[in-house]
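File shown: work-v4.txt. Contents: compact mmCIF, C-alpha atoms.
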```
# COMPACT_ATOMS: atom_id res chain seq x y z
CA MET A 1 46.06 67.08 -55.08
CA ASN A 2 42.99 66.21 -52.98
CA ILE A 3 43.18 63.75 -50.05
CA LYS A 4 41.72 60.82 -51.98
CA ASP A 5 44.25 61.20 -54.79
CA TYR A 6 47.09 61.75 -52.29
CA ILE A 7 46.37 58.49 -50.43
CA LEU A 8 45.90 56.65 -53.72
CA SER A 9 49.33 57.80 -54.88
CA LEU A 10 50.89 56.62 -51.61
CA GLY A 11 49.24 53.22 -52.05
CA GLN A 12 50.45 52.87 -55.63
CA GLU A 13 53.99 53.82 -54.67
CA ALA A 14 53.92 51.43 -51.71
CA ARG A 15 52.72 48.53 -53.89
CA SER A 16 55.55 49.15 -56.34
CA ALA A 17 58.07 49.40 -53.50
CA SER A 18 56.77 46.19 -51.90
CA ARG A 19 57.60 44.23 -55.04
CA GLN A 20 61.12 45.61 -55.00
CA ILE A 21 61.77 45.10 -51.32
CA ALA A 22 60.46 41.53 -51.49
CA SER A 23 63.71 40.68 -53.26
CA ALA A 24 65.97 42.80 -51.05
CA THR A 25 68.90 40.97 -49.48
CA THR A 26 69.29 40.46 -45.77
CA VAL A 27 72.45 42.58 -45.94
CA GLN A 28 70.53 45.51 -47.43
CA LYS A 29 67.81 45.26 -44.81
CA ASN A 30 70.29 44.97 -41.95
CA ASN A 31 72.26 47.92 -43.32
CA PHE A 32 69.08 50.00 -43.22
CA LEU A 33 68.52 49.07 -39.58
CA SER A 34 72.10 49.90 -38.68
CA TYR A 35 72.04 53.23 -40.56
CA LEU A 36 68.72 54.23 -38.98
CA ALA A 37 69.94 53.37 -35.47
CA GLU A 38 72.96 55.61 -36.07
CA GLU A 39 70.79 58.41 -37.43
CA VAL A 40 68.51 58.25 -34.39
CA ILE A 41 71.41 58.56 -31.95
CA ASP A 42 73.35 61.13 -33.98
CA ASN A 43 70.27 63.35 -34.31
CA LYS A 44 68.98 62.91 -30.78
CA ASP A 45 68.98 66.64 -30.02
CA GLU A 46 67.00 67.42 -33.18
CA ILE A 47 64.49 64.68 -32.38
CA ILE A 48 63.94 66.14 -28.90
CA LYS A 49 63.67 69.64 -30.40
CA HIS A 50 60.89 68.63 -32.81
CA ASN A 51 59.20 66.54 -30.11
CA LYS A 52 59.15 69.57 -27.80
CA ILE A 53 56.95 71.40 -30.31
CA ASP A 54 54.45 68.54 -30.13
CA LEU A 55 54.67 68.44 -26.33
CA ASP A 56 54.07 72.19 -26.02
CA ASN A 57 51.04 71.95 -28.31
CA ALA A 58 49.69 68.96 -26.37
CA LYS A 59 50.01 70.79 -23.05
CA LYS A 60 48.27 73.85 -24.49
CA ALA A 61 45.47 71.56 -25.66
CA GLY A 62 45.06 70.25 -22.10
CA LEU A 63 45.89 66.61 -22.90
CA ASP A 64 46.30 64.42 -19.81
CA THR A 65 49.56 63.29 -18.23
CA ALA A 66 49.29 59.71 -19.53
CA PHE A 67 48.97 61.03 -23.07
CA ILE A 68 51.91 63.40 -22.56
CA ASP A 69 53.98 60.49 -21.25
CA ARG A 70 53.29 58.43 -24.40
CA LEU A 71 54.10 61.42 -26.61
CA THR A 72 57.41 62.25 -24.95
CA LEU A 73 60.76 61.43 -26.53
CA ASN A 74 63.81 61.74 -24.27
CA ASP A 75 67.35 60.38 -24.01
CA LYS A 76 66.16 57.10 -22.56
CA ASN A 77 63.47 56.16 -25.05
CA ILE A 78 65.50 57.45 -28.01
CA GLN A 79 68.24 55.04 -26.95
CA LEU A 80 65.60 52.30 -26.69
CA MET A 81 64.49 53.09 -30.25
CA ALA A 82 68.05 52.57 -31.48
CA ASP A 83 68.47 49.45 -29.33
CA GLY A 84 65.28 48.02 -30.83
CA LEU A 85 66.60 48.54 -34.34
CA ASN A 86 69.87 46.86 -33.40
CA GLN A 87 67.97 43.96 -31.88
CA ILE A 88 65.89 43.52 -35.04
CA GLU A 89 69.10 43.59 -37.08
CA VAL A 90 70.56 40.53 -35.35
CA LEU A 91 67.35 38.50 -35.63
CA ASN A 92 67.16 35.85 -38.33
CA ASP A 93 65.59 37.09 -41.56
CA PRO A 94 62.28 35.19 -41.72
CA ILE A 95 61.67 35.76 -45.44
CA GLY A 96 62.18 32.67 -47.59
CA GLU A 97 62.40 30.30 -44.63
CA ILE A 98 60.84 26.92 -45.42
CA ILE A 99 59.25 25.06 -42.52
CA ASN A 100 57.31 21.82 -41.94
CA LEU A 101 58.85 20.15 -44.99
CA LYS A 102 57.62 16.55 -45.22
CA TYR A 103 57.79 13.76 -47.78
CA ARG A 104 54.50 12.42 -49.11
CA PRO A 105 54.00 8.83 -50.33
CA THR A 106 54.24 10.10 -53.92
CA GLY A 107 57.79 11.30 -53.31
CA ILE A 108 56.98 15.01 -53.37
CA GLN A 109 57.97 17.20 -50.45
CA VAL A 110 55.35 19.62 -49.08
CA GLY A 111 56.25 22.54 -46.84
CA GLN A 112 55.53 26.18 -46.14
CA MET A 113 57.58 29.25 -47.02
CA ARG A 114 57.46 32.47 -45.03
CA VAL A 115 56.71 35.50 -47.24
CA PRO A 116 55.93 39.19 -46.62
CA LEU A 117 52.35 40.40 -46.27
CA GLY A 118 53.00 43.11 -48.88
CA VAL A 119 51.81 46.60 -47.94
CA ILE A 120 50.91 47.49 -44.35
CA GLY A 121 48.88 50.53 -43.38
CA MET A 122 49.44 51.57 -39.78
CA ILE A 123 47.37 54.13 -37.88
CA TYR A 124 48.48 55.08 -34.39
CA GLU A 125 48.11 57.78 -31.78
CA SER A 126 50.60 59.77 -29.74
CA ARG A 127 53.65 57.47 -29.67
CA PRO A 128 56.28 58.76 -32.13
CA ASN A 129 58.66 55.92 -31.19
CA VAL A 130 56.23 53.63 -33.05
CA THR A 131 57.33 55.32 -36.27
CA ILE A 132 60.84 53.93 -35.88
CA ASP A 133 59.76 50.53 -34.54
CA ALA A 134 57.26 50.00 -37.36
CA ALA A 135 59.71 51.07 -40.06
CA GLY A 136 62.35 48.67 -38.74
CA LEU A 137 60.02 45.69 -38.49
CA ALA A 138 58.43 46.34 -41.88
CA ILE A 139 61.75 46.53 -43.71
CA LYS A 140 63.28 43.48 -42.01
CA SER A 141 60.16 41.47 -42.95
CA SER A 142 60.34 42.82 -46.55
CA ASN A 143 57.08 44.78 -46.36
CA ALA A 144 56.29 48.30 -47.49
CA ILE A 145 54.45 50.38 -44.91
CA ILE A 146 52.35 53.55 -44.86
CA LEU A 147 52.31 55.23 -41.46
CA ARG A 148 49.70 57.65 -40.20
CA GLY A 149 50.57 58.99 -36.76
CA GLY A 150 48.31 61.21 -34.72
CA SER A 151 48.12 64.94 -35.38
CA GLU A 152 49.57 65.55 -31.93
CA SER A 153 52.91 63.97 -32.96
CA ILE A 154 53.16 65.39 -36.49
CA ASN A 155 56.40 67.35 -35.93
CA SER A 156 58.18 64.40 -34.33
CA ASN A 157 57.01 61.99 -37.02
CA ASN A 158 57.91 64.24 -39.94
CA TYR A 159 61.45 64.62 -38.65
CA LEU A 160 61.80 60.88 -37.98
CA SER A 161 60.53 60.31 -41.53
CA SER A 162 63.48 62.28 -42.89
CA LEU A 163 65.89 59.97 -41.03
CA ILE A 164 64.10 56.90 -42.37
CA LYS A 165 64.23 58.13 -45.97
CA LYS A 166 67.92 58.93 -45.65
CA SER A 167 68.64 55.43 -44.33
CA LEU A 168 66.56 53.74 -47.05
CA LEU A 169 68.42 55.53 -49.81
CA LYS A 170 71.80 54.85 -48.19
CA SER A 171 71.03 51.11 -48.07
CA GLY A 172 69.81 50.95 -51.66
CA LEU A 173 66.15 50.33 -50.82
CA PRO A 174 63.21 52.14 -52.45
CA GLU A 175 62.31 55.36 -50.66
CA ALA A 176 58.59 54.52 -50.88
CA SER A 177 59.12 51.41 -48.74
CA VAL A 178 58.26 53.58 -45.73
CA GLN A 179 55.90 56.51 -46.24
CA ILE A 180 54.42 58.80 -43.62
CA ILE A 181 51.12 60.54 -44.26
CA GLU A 182 51.87 64.20 -43.68
CA LEU A 183 48.22 65.25 -43.46
CA THR A 184 46.41 65.53 -40.13
CA ASP A 185 42.95 65.48 -41.72
CA ARG A 186 40.95 62.45 -40.54
CA GLU A 187 39.71 61.88 -44.07
CA ALA A 188 43.18 60.48 -44.79
CA VAL A 189 42.47 57.58 -42.41
CA THR A 190 39.12 56.89 -44.07
CA GLU A 191 40.74 56.73 -47.50
CA LEU A 192 43.64 54.55 -46.31
CA ILE A 193 41.49 51.86 -44.70
CA GLN A 194 39.41 51.50 -47.85
CA LEU A 195 42.35 51.16 -50.23
CA GLY A 196 42.01 47.39 -50.60
CA GLU A 197 43.63 47.33 -54.03
CA TYR A 198 46.97 48.48 -52.63
CA ILE A 199 46.91 47.80 -48.86
CA ASP A 200 47.10 44.20 -47.60
CA VAL A 201 46.54 44.76 -43.89
CA ILE A 202 45.72 47.63 -41.51
CA VAL A 203 47.27 47.82 -38.04
CA PRO A 204 45.57 50.35 -35.74
CA ARG A 205 46.95 51.36 -32.34
CA GLY A 206 45.04 53.76 -30.16
CA GLY A 207 41.88 54.25 -28.17
CA LYS A 208 38.67 52.25 -28.45
CA SER A 209 36.98 54.85 -30.65
CA LEU A 210 39.80 54.70 -33.20
CA ILE A 211 39.85 50.90 -33.23
CA LYS A 212 36.05 50.72 -33.59
CA LYS A 213 36.01 53.20 -36.47
CA ILE A 214 38.68 51.30 -38.36
CA THR A 215 37.21 47.86 -37.67
CA ASP A 216 33.73 49.01 -38.76
CA GLU A 217 34.81 50.88 -41.89
CA ALA A 218 37.90 49.11 -43.20
CA LYS A 219 37.77 47.24 -46.49
CA VAL A 220 41.15 45.72 -45.66
CA PRO A 221 41.93 42.99 -43.07
CA VAL A 222 42.71 44.49 -39.63
CA ILE A 223 45.15 43.32 -36.95
CA LYS A 224 43.60 44.94 -33.88
CA HIS A 225 45.41 46.32 -30.88
CA LEU A 226 42.64 46.79 -28.32
CA ASP A 227 42.83 48.21 -24.82
CA GLY A 228 44.83 46.57 -22.06
CA ASN A 229 42.70 45.80 -19.02
CA CYS A 230 45.47 43.65 -17.52
CA HIS A 231 44.98 41.50 -14.40
CA ILE A 232 47.16 39.98 -11.72
CA TYR A 233 45.74 37.19 -9.58
CA VAL A 234 47.42 36.73 -6.19
CA ASP A 235 46.89 33.08 -5.33
CA ASN A 236 46.62 31.77 -1.77
CA ASN A 237 49.92 29.97 -2.44
CA ALA A 238 51.74 33.17 -3.39
CA ASP A 239 54.96 34.40 -1.84
CA LEU A 240 53.71 37.60 -0.18
CA ASP A 241 56.85 39.69 -0.74
CA MET A 242 57.06 38.60 -4.38
CA ALA A 243 53.40 39.48 -4.89
CA ILE A 244 53.85 42.95 -3.37
CA ASN A 245 56.89 43.71 -5.54
CA ILE A 246 55.29 42.47 -8.77
CA VAL A 247 51.96 44.25 -8.23
CA ASP A 248 53.71 47.49 -7.28
CA ASN A 249 55.87 47.34 -10.41
CA ALA A 250 53.04 46.31 -12.73
CA LYS A 251 50.87 49.23 -11.63
CA THR A 252 53.21 52.07 -10.75
CA GLN A 253 56.34 51.68 -12.91
CA ARG A 254 54.51 53.45 -15.74
CA LEU A 255 50.83 54.33 -15.66
CA GLY A 256 49.99 55.09 -19.29
CA THR A 257 50.84 51.87 -21.12
CA CYS A 258 48.65 49.04 -22.38
CA ASN A 259 50.54 46.45 -20.28
CA THR A 260 50.08 48.32 -17.00
CA LEU A 261 48.14 46.46 -14.31
CA GLU A 262 44.56 47.74 -14.08
CA SER A 263 42.72 44.97 -12.20
CA LEU A 264 43.85 43.12 -9.08
CA VAL A 265 42.30 39.80 -8.04
CA ILE A 266 43.17 38.23 -4.67
CA HIS A 267 42.36 34.89 -3.06
CA LYS A 268 40.40 35.36 0.17
CA ASP A 269 42.96 33.43 2.27
CA ILE A 270 45.74 35.91 1.56
CA ALA A 271 43.61 39.03 1.13
CA GLN A 272 44.11 40.64 4.54
CA ALA A 273 47.88 40.16 4.64
CA PHE A 274 48.37 41.26 1.04
CA LEU A 275 45.96 44.18 0.92
CA SER A 276 47.22 45.77 4.13
CA LYS A 277 50.70 46.02 2.57
CA ILE A 278 49.79 47.02 -0.98
CA ASP A 279 47.31 49.57 0.41
CA LYS A 280 50.15 51.42 2.12
CA ILE A 281 52.24 51.46 -1.08
CA PHE A 282 49.35 52.62 -3.23
CA ASN A 283 48.46 55.37 -0.76
CA GLU A 284 52.05 56.62 -0.82
CA LYS A 285 51.99 56.67 -4.63
CA ASN A 286 48.50 58.21 -4.86
CA ILE A 287 46.90 55.18 -6.52
CA GLU A 288 43.13 55.10 -6.00
CA ILE A 289 41.66 51.63 -5.33
CA ARG A 290 38.12 50.82 -6.45
CA ALA A 291 37.28 47.74 -4.45
CA CYS A 292 34.63 45.06 -4.16
CA GLN A 293 32.61 44.93 -0.96
CA LYS A 294 34.83 42.25 0.63
CA SER A 295 38.00 44.22 -0.11
CA LEU A 296 36.81 47.47 1.45
CA SER A 297 37.28 46.23 5.02
CA PHE A 298 41.02 45.65 4.40
CA LEU A 299 41.68 49.01 2.75
CA SER A 300 42.05 52.42 4.32
CA ASN A 301 41.03 54.78 1.55
CA ALA A 302 39.30 52.78 -1.19
CA LYS A 303 36.11 53.52 -3.09
CA LYS A 304 33.33 51.04 -3.74
CA ALA A 305 33.77 49.58 -7.22
CA LEU A 306 31.01 49.66 -9.80
CA ASP A 307 30.72 46.85 -12.31
CA ASP A 308 32.23 49.04 -15.05
CA ASP A 309 35.36 49.55 -12.95
CA PHE A 310 36.34 45.92 -13.39
CA ALA A 311 36.26 46.32 -17.19
CA THR A 312 38.12 49.65 -17.40
CA GLU A 313 41.60 50.39 -18.74
CA TYR A 314 42.40 53.41 -16.58
CA LEU A 315 45.80 54.43 -18.00
CA GLY A 316 46.15 56.44 -14.80
CA PRO A 317 46.44 56.23 -10.99
CA ILE A 318 43.40 53.97 -10.43
CA ILE A 319 43.11 50.20 -9.99
CA SER A 320 40.19 47.85 -9.40
CA CYS A 321 40.32 45.16 -6.71
CA LYS A 322 38.35 41.92 -6.33
CA ILE A 323 38.53 39.18 -3.68
CA VAL A 324 37.60 35.66 -4.84
CA ASP A 325 37.09 32.39 -3.03
CA THR A 326 38.80 30.05 -5.50
CA LEU A 327 41.17 29.86 -8.47
CA GLU A 328 38.14 28.98 -10.63
CA ALA A 329 36.44 32.20 -9.56
CA ALA A 330 39.57 34.20 -10.37
CA ILE A 331 39.81 32.73 -13.86
CA SER A 332 36.10 33.32 -14.45
CA HIS A 333 36.35 36.95 -13.30
CA ILE A 334 39.38 37.62 -15.51
CA ASN A 335 37.87 36.01 -18.61
CA GLN A 336 34.69 38.03 -18.09
CA TYR A 337 36.29 41.47 -17.71
CA SER A 338 39.65 41.20 -19.45
CA SER A 339 40.36 42.80 -22.82
CA GLY A 340 42.46 39.76 -23.71
CA HIS A 341 45.80 41.55 -23.45
CA THR A 342 47.93 40.27 -20.52
CA GLU A 343 47.21 38.48 -17.25
CA ALA A 344 49.50 37.06 -14.55
CA ILE A 345 49.26 34.72 -11.59
CA ILE A 346 51.48 34.98 -8.51
CA THR A 347 51.77 31.52 -6.98
CA ASN A 348 54.15 28.79 -5.82
CA ASN A 349 51.60 26.09 -6.71
CA HIS A 350 52.61 24.49 -10.02
CA ALA A 351 49.21 22.95 -10.71
CA ASN A 352 47.45 26.28 -10.16
CA ALA A 353 49.95 28.06 -12.38
CA MET A 354 49.51 25.56 -15.22
CA ARG A 355 45.73 25.74 -14.98
CA PHE A 356 45.89 29.54 -15.12
CA LEU A 357 48.06 29.36 -18.25
CA ARG A 358 45.64 26.97 -19.97
CA GLU A 359 42.33 28.55 -19.05
CA VAL A 360 42.93 32.32 -19.09
CA ASP A 361 42.01 33.49 -22.59
CA SER A 362 44.48 36.30 -23.27
CA SER A 363 47.29 36.97 -25.73
CA SER A 364 49.95 36.84 -22.98
CA VAL A 365 49.64 34.87 -19.74
CA MET A 366 52.39 34.98 -17.11
CA ILE A 367 53.52 33.23 -13.95
CA ASN A 368 55.25 35.25 -11.22
CA ALA A 369 56.16 38.21 -13.44
CA SER A 370 55.01 41.78 -13.99
CA THR A 371 52.56 42.43 -16.81
CA ARG A 372 54.92 45.21 -17.89
CA PHE A 373 57.00 42.52 -19.64
CA ALA A 374 54.28 42.12 -22.30
CA ASP A 375 56.27 43.97 -24.90
CA GLY A 376 57.98 43.06 -28.17
CA PHE A 377 61.36 44.35 -27.01
CA GLU A 378 61.20 42.37 -23.76
CA TYR A 379 60.06 39.25 -25.65
CA GLY A 380 63.15 39.43 -27.85
CA LEU A 381 61.26 40.52 -30.96
CA GLY A 382 63.37 43.66 -31.28
CA ALA A 383 60.25 45.81 -31.24
CA GLU A 384 56.55 45.41 -31.94
CA ILE A 385 54.15 46.90 -34.39
CA GLY A 386 51.40 46.38 -31.82
CA ILE A 387 49.99 43.84 -29.39
CA SER A 388 47.22 41.96 -31.12
CA THR A 389 44.28 40.82 -29.04
CA ASP A 390 42.83 39.06 -32.07
CA LYS A 391 43.03 35.29 -32.39
CA PHE A 392 43.66 35.16 -36.11
CA HIS A 393 46.81 35.76 -38.01
CA ALA A 394 48.79 37.21 -35.08
CA ARG A 395 48.23 37.26 -31.32
CA GLY A 396 50.25 39.08 -28.68
CA PRO A 397 53.21 41.31 -29.53
CA VAL A 398 53.47 41.44 -33.33
CA GLY A 399 57.09 41.25 -34.46
CA LEU A 400 58.74 39.98 -37.63
CA GLU A 401 56.81 36.72 -37.98
CA GLY A 402 53.52 38.50 -37.34
CA LEU A 403 54.20 40.60 -40.45
CA THR A 404 54.62 37.55 -42.67
CA SER A 405 52.37 34.91 -44.17
CA LEU A 406 52.95 31.30 -45.15
CA LYS A 407 52.46 29.82 -48.58
CA TYR A 408 52.70 26.15 -49.46
CA VAL A 409 55.63 25.00 -51.53
CA VAL A 410 56.01 21.62 -53.25
CA LEU A 411 59.38 20.13 -54.19
CA GLY A 412 59.30 17.38 -56.76
CA THR A 413 61.63 15.27 -58.90
CA GLY A 414 59.32 14.80 -61.87
CA GLN A 415 56.27 13.24 -60.18
CA THR A 416 52.89 13.22 -61.91
CA ARG A 417 49.56 12.43 -60.31
CA LYS A 418 47.90 9.16 -61.17
```
Would you mind giving the structure from this file in structure tokens?
Amino acid sequence: MNIKDYILSLGQEARSASRQIASATTVQKNNFLSYLAEEVIDNKDEIIKHNKIDLDNAKKAGLDTAFIDRLTLNDKNIQLMADGLNQIEVLNDPIGEIINLKYRPTGIQVGQMRVPLGVIGMIYESRPNVTIDAAGLAIKSSNAIILRGGSESINSNNYLSSLIKKSLLKSGLPEASVQIIELTDREAVTELIQLGEYIDVIVPRGGKSLIKKITDEAKVPVIKHLDGNCHIYVDNNADLDMAINIVDNAKTQRLGTCNTLESLVIHKDIAQAFLSKIDKIFNEKNIEIRACQKSLSFLSNAKKALDDDFATEYLGPIISCKIVDTLEAAISHINQYSSGHTEAIITNNHANAMRFLREVDSSSVMINASTRFADGFEYGLGAEIGISTDKFHARGPVGLEGLTSLKYVVLGTGQTRK
């Protein structure tokens, strides 16, 4: 079978499965999540064994440390995969929920019912844990899903696929509800994103080149997960120790994630006191600072920032730094250079905090917290299929509700229109 026919067959099977799973009971879906969580833990050693093959290949290919970090499965993140499934299990089943029900003067009631999107096509790079997260979210929201992970994680994903299929069958759900494309040929992606007859939405996660290709070529609606050029603004009313701790965590706790701090903005009145302390921490942790002209005088080992530095998602040991005169200037700088992912303000001034929340145009905006919290698991969504920087359909971490749509429902008692 050629690639075009192979992807077509996956789409046809997924469409059929989506109609079956739309009527699945909450018990069946929760059983799947419970079974899969057990399979993940029980087969931890096998998961790590298959992942090691991918890691060895990635190292031979010379892929960078941030990429290797995202590719790695270990005891900790395997446990998190199972925890995410368990968290999804205890969430309310959104399917069939009726909201906004109101009586009209005619006596009819008009509301909206939450329904599945149908068939999701997901294309992602490096992170094999996404395979489990996406499968769990898709099934709980009564969607079928076709997953296409990167070639670098093919061994991990194929093994995880076997655990998913086993759990689907055990819970009485159609095996084609979750399908993983086993081909590494890029033509498979091209065929998938043009399969509008069978795919209802595409969710890409990866680098800018992948997102651009899919956005430009897809004949299916796309929920985009763009880069994370995340900012923290340290206000002149900030608690200095709090600011140091949050900035340190947001940048250095994990370098290669989309919610890692990449751009630091500081009010001029607190710049010297703050930068002298964070400079020492960043030097100790080998974080390179690319600083504006005003910042350079407060830093011991920084480089002069170019304009592009303020717009860059580094995914590594580099951070940009900008001193501003006012809150307005901070908001303007962030809205100009941000990718719309996550921004935070550190301040004890309530009015400044509220203005920052209102005026910063990103999918997550925080007060006095690390940007690393911008995550479906941390938000109580169980997991996420991605973090959407779009403004339509879903924005921010996309959990169960982001994988559903609303249709209008009308409840009558025999009314006719006059």
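Interatomic distance, CA of Gly96 in chain A against CA of Leu195 in chain A: 27.2 Å.
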Range 38-48 of chain A environment, 9 Å, all atoms listed in the file, sequence neighbours closer than 5 positions dropped, as a list of chain:residue names
A:Leu33, A:Ile53, A:Thr72, A:Leu73, A:Asn74, A:Asp75, A:Ile78, A:Gln79, A:Met81, A:Ala82, A:Ile132, A:Ser156, A:Tyr159, A:Leu160, A:Leu163, A:Ile164, A:Lys166, A:Ser167
Using only C-alpha atoms, pick whichever of A:Thr371, A:Thr312, A:Ser263, A:Gln109 has the shortest atom-to-atom distance to Ala291 in chain A.
A:Ser263
Local residues around (52.7, 36.6, -7.2), at most 9 Å away, using all atoms listed in the file, as a list in words
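Final list of nearby residues, as requested, is Ile232, Tyr233, Val234, Asp235, Asn237, Ala238, Asp239, Leu240, Asp241, Met242, Ala243, Ile244, Asn245, Ile246, Val247, Ala344, Ile345, Ile346, Thr347, Asn348, Ile367, Asn368, Ala369 and Ser370 of chain A.
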Distance CA of Asn229 in chain A-CA of Asp54 in chain A, one decimal place?
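CA of Asp54 in chain A lies at a distance of 27.9 Å from CA of Asn229 in chain A.
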List as a ChimeraX atom specification the protein and nucleic acid residues near Asp248 in chain A, meaning an atom at most 12 Å away when only C-alpha atoms are counted, but skip any in the same chain fewer than 6 places from it.
/A:232,241-242,254-255,260-262,264,274-275,277-285,287,317,319,369-372
Expressed in Å to a single decimal, how great is the separation between CA of Ala383 in chain A and CA of Leu400 in chain A?
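Interatomic distance here is 8.8 Å.
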Could you give me, as a list of chain:residue names, the residues within 8 Å of Leu173 in chain A, counting only C-alpha atoms and dropping anything in the same chain fewer than 6 positions from it?
A:Ile21, A:Ala24, A:Gln28
Within 12 Å of Leu411 in chain A using all atoms listed in the file, minus same-chain residues under 4 positions, as a PyMOL selection string:
chain A and resi 98+101-104+106-113+415
Please report as a Markdown table every residue of range 102-143 of chain A lying within 12 Å of range 58-69 of chain A, along with the nearest atom pair and their distance in Å (one decimal), using all atoms listed in the file.
```
| residue | atom | partner | partner_atom | distance |
| --- | --- | --- | --- | --- |
| A:Glu125 | CA | A:Phe67 | CA | 9.3 |
| A:Ser126 | CA | A:Phe67 | CA | 7.0 |
| A:Arg127 | CA | A:Phe67 | CA | 8.8 |
| A:Pro128 | CA | A:Asp69 | CA | 11.3 |
| A:Asn129 | CA | A:Asp69 | CA | 11.9 |
```
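Minimum distance to Asp307 in chain A across A:Arg186, A:Gln293, A:Ser9, A:Ala144 (counting only C-alpha atoms) occurs at A:Gln293.
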Incomplete range 155-166 of chain A filled out to N, CA, C and O atoms as a compact mmCIF listing (two decimals), in the frame of the given file:
```txt
# COMPACT_ATOMS: atom_id res chain seq x y z
N ASN A 155 55.05 66.80 -35.79
CA ASN A 155 56.40 67.35 -35.93
C ASN A 155 57.46 66.29 -35.66
O ASN A 155 58.46 66.20 -36.39
N SER A 156 57.24 65.48 -34.63
CA SER A 156 58.18 64.40 -34.33
C SER A 156 58.23 63.40 -35.49
O SER A 156 59.31 63.00 -35.94
N ASN A 157 57.06 63.00 -35.97
CA ASN A 157 57.01 61.99 -37.02
C ASN A 157 57.61 62.47 -38.34
O ASN A 157 58.29 61.71 -39.03
N ASN A 158 57.36 63.72 -38.68
CA ASN A 158 57.91 64.24 -39.94
C ASN A 158 59.44 64.27 -39.89
O ASN A 158 60.11 63.99 -40.89
N TYR A 159 59.99 64.61 -38.74
CA TYR A 159 61.45 64.62 -38.65
C TYR A 159 62.01 63.19 -38.68
O TYR A 159 63.00 62.91 -39.37
N LEU A 160 61.36 62.28 -37.95
CA LEU A 160 61.80 60.88 -37.98
C LEU A 160 61.70 60.31 -39.39
O LEU A 160 62.53 59.50 -39.81
N SER A 161 60.69 60.75 -40.14
CA SER A 161 60.53 60.31 -41.53
C SER A 161 61.74 60.68 -42.37
O SER A 161 62.19 59.90 -43.22
N SER A 162 62.31 61.86 -42.12
CA SER A 162 63.48 62.28 -42.89
C SER A 162 64.67 61.37 -42.61
O SER A 162 65.47 61.08 -43.51
N LEU A 163 64.80 60.89 -41.37
CA LEU A 163 65.89 59.97 -41.03
C LEU A 163 65.67 58.61 -41.68
O LEU A 163 66.63 57.96 -42.13
N ILE A 164 64.42 58.19 -41.74
CA ILE A 164 64.10 56.90 -42.37
C ILE A 164 64.41 56.94 -43.86
O ILE A 164 65.03 56.03 -44.40
N LYS A 165 63.98 58.00 -44.53
CA LYS A 165 64.23 58.13 -45.97
C LYS A 165 65.72 58.14 -46.27
O LYS A 165 66.19 57.50 -47.22
N LYS A 166 66.47 58.87 -45.47
CA LYS A 166 67.92 58.93 -45.65
C LYS A 166 68.55 57.54 -45.52
O LYS A 166 69.42 57.16 -46.31
```
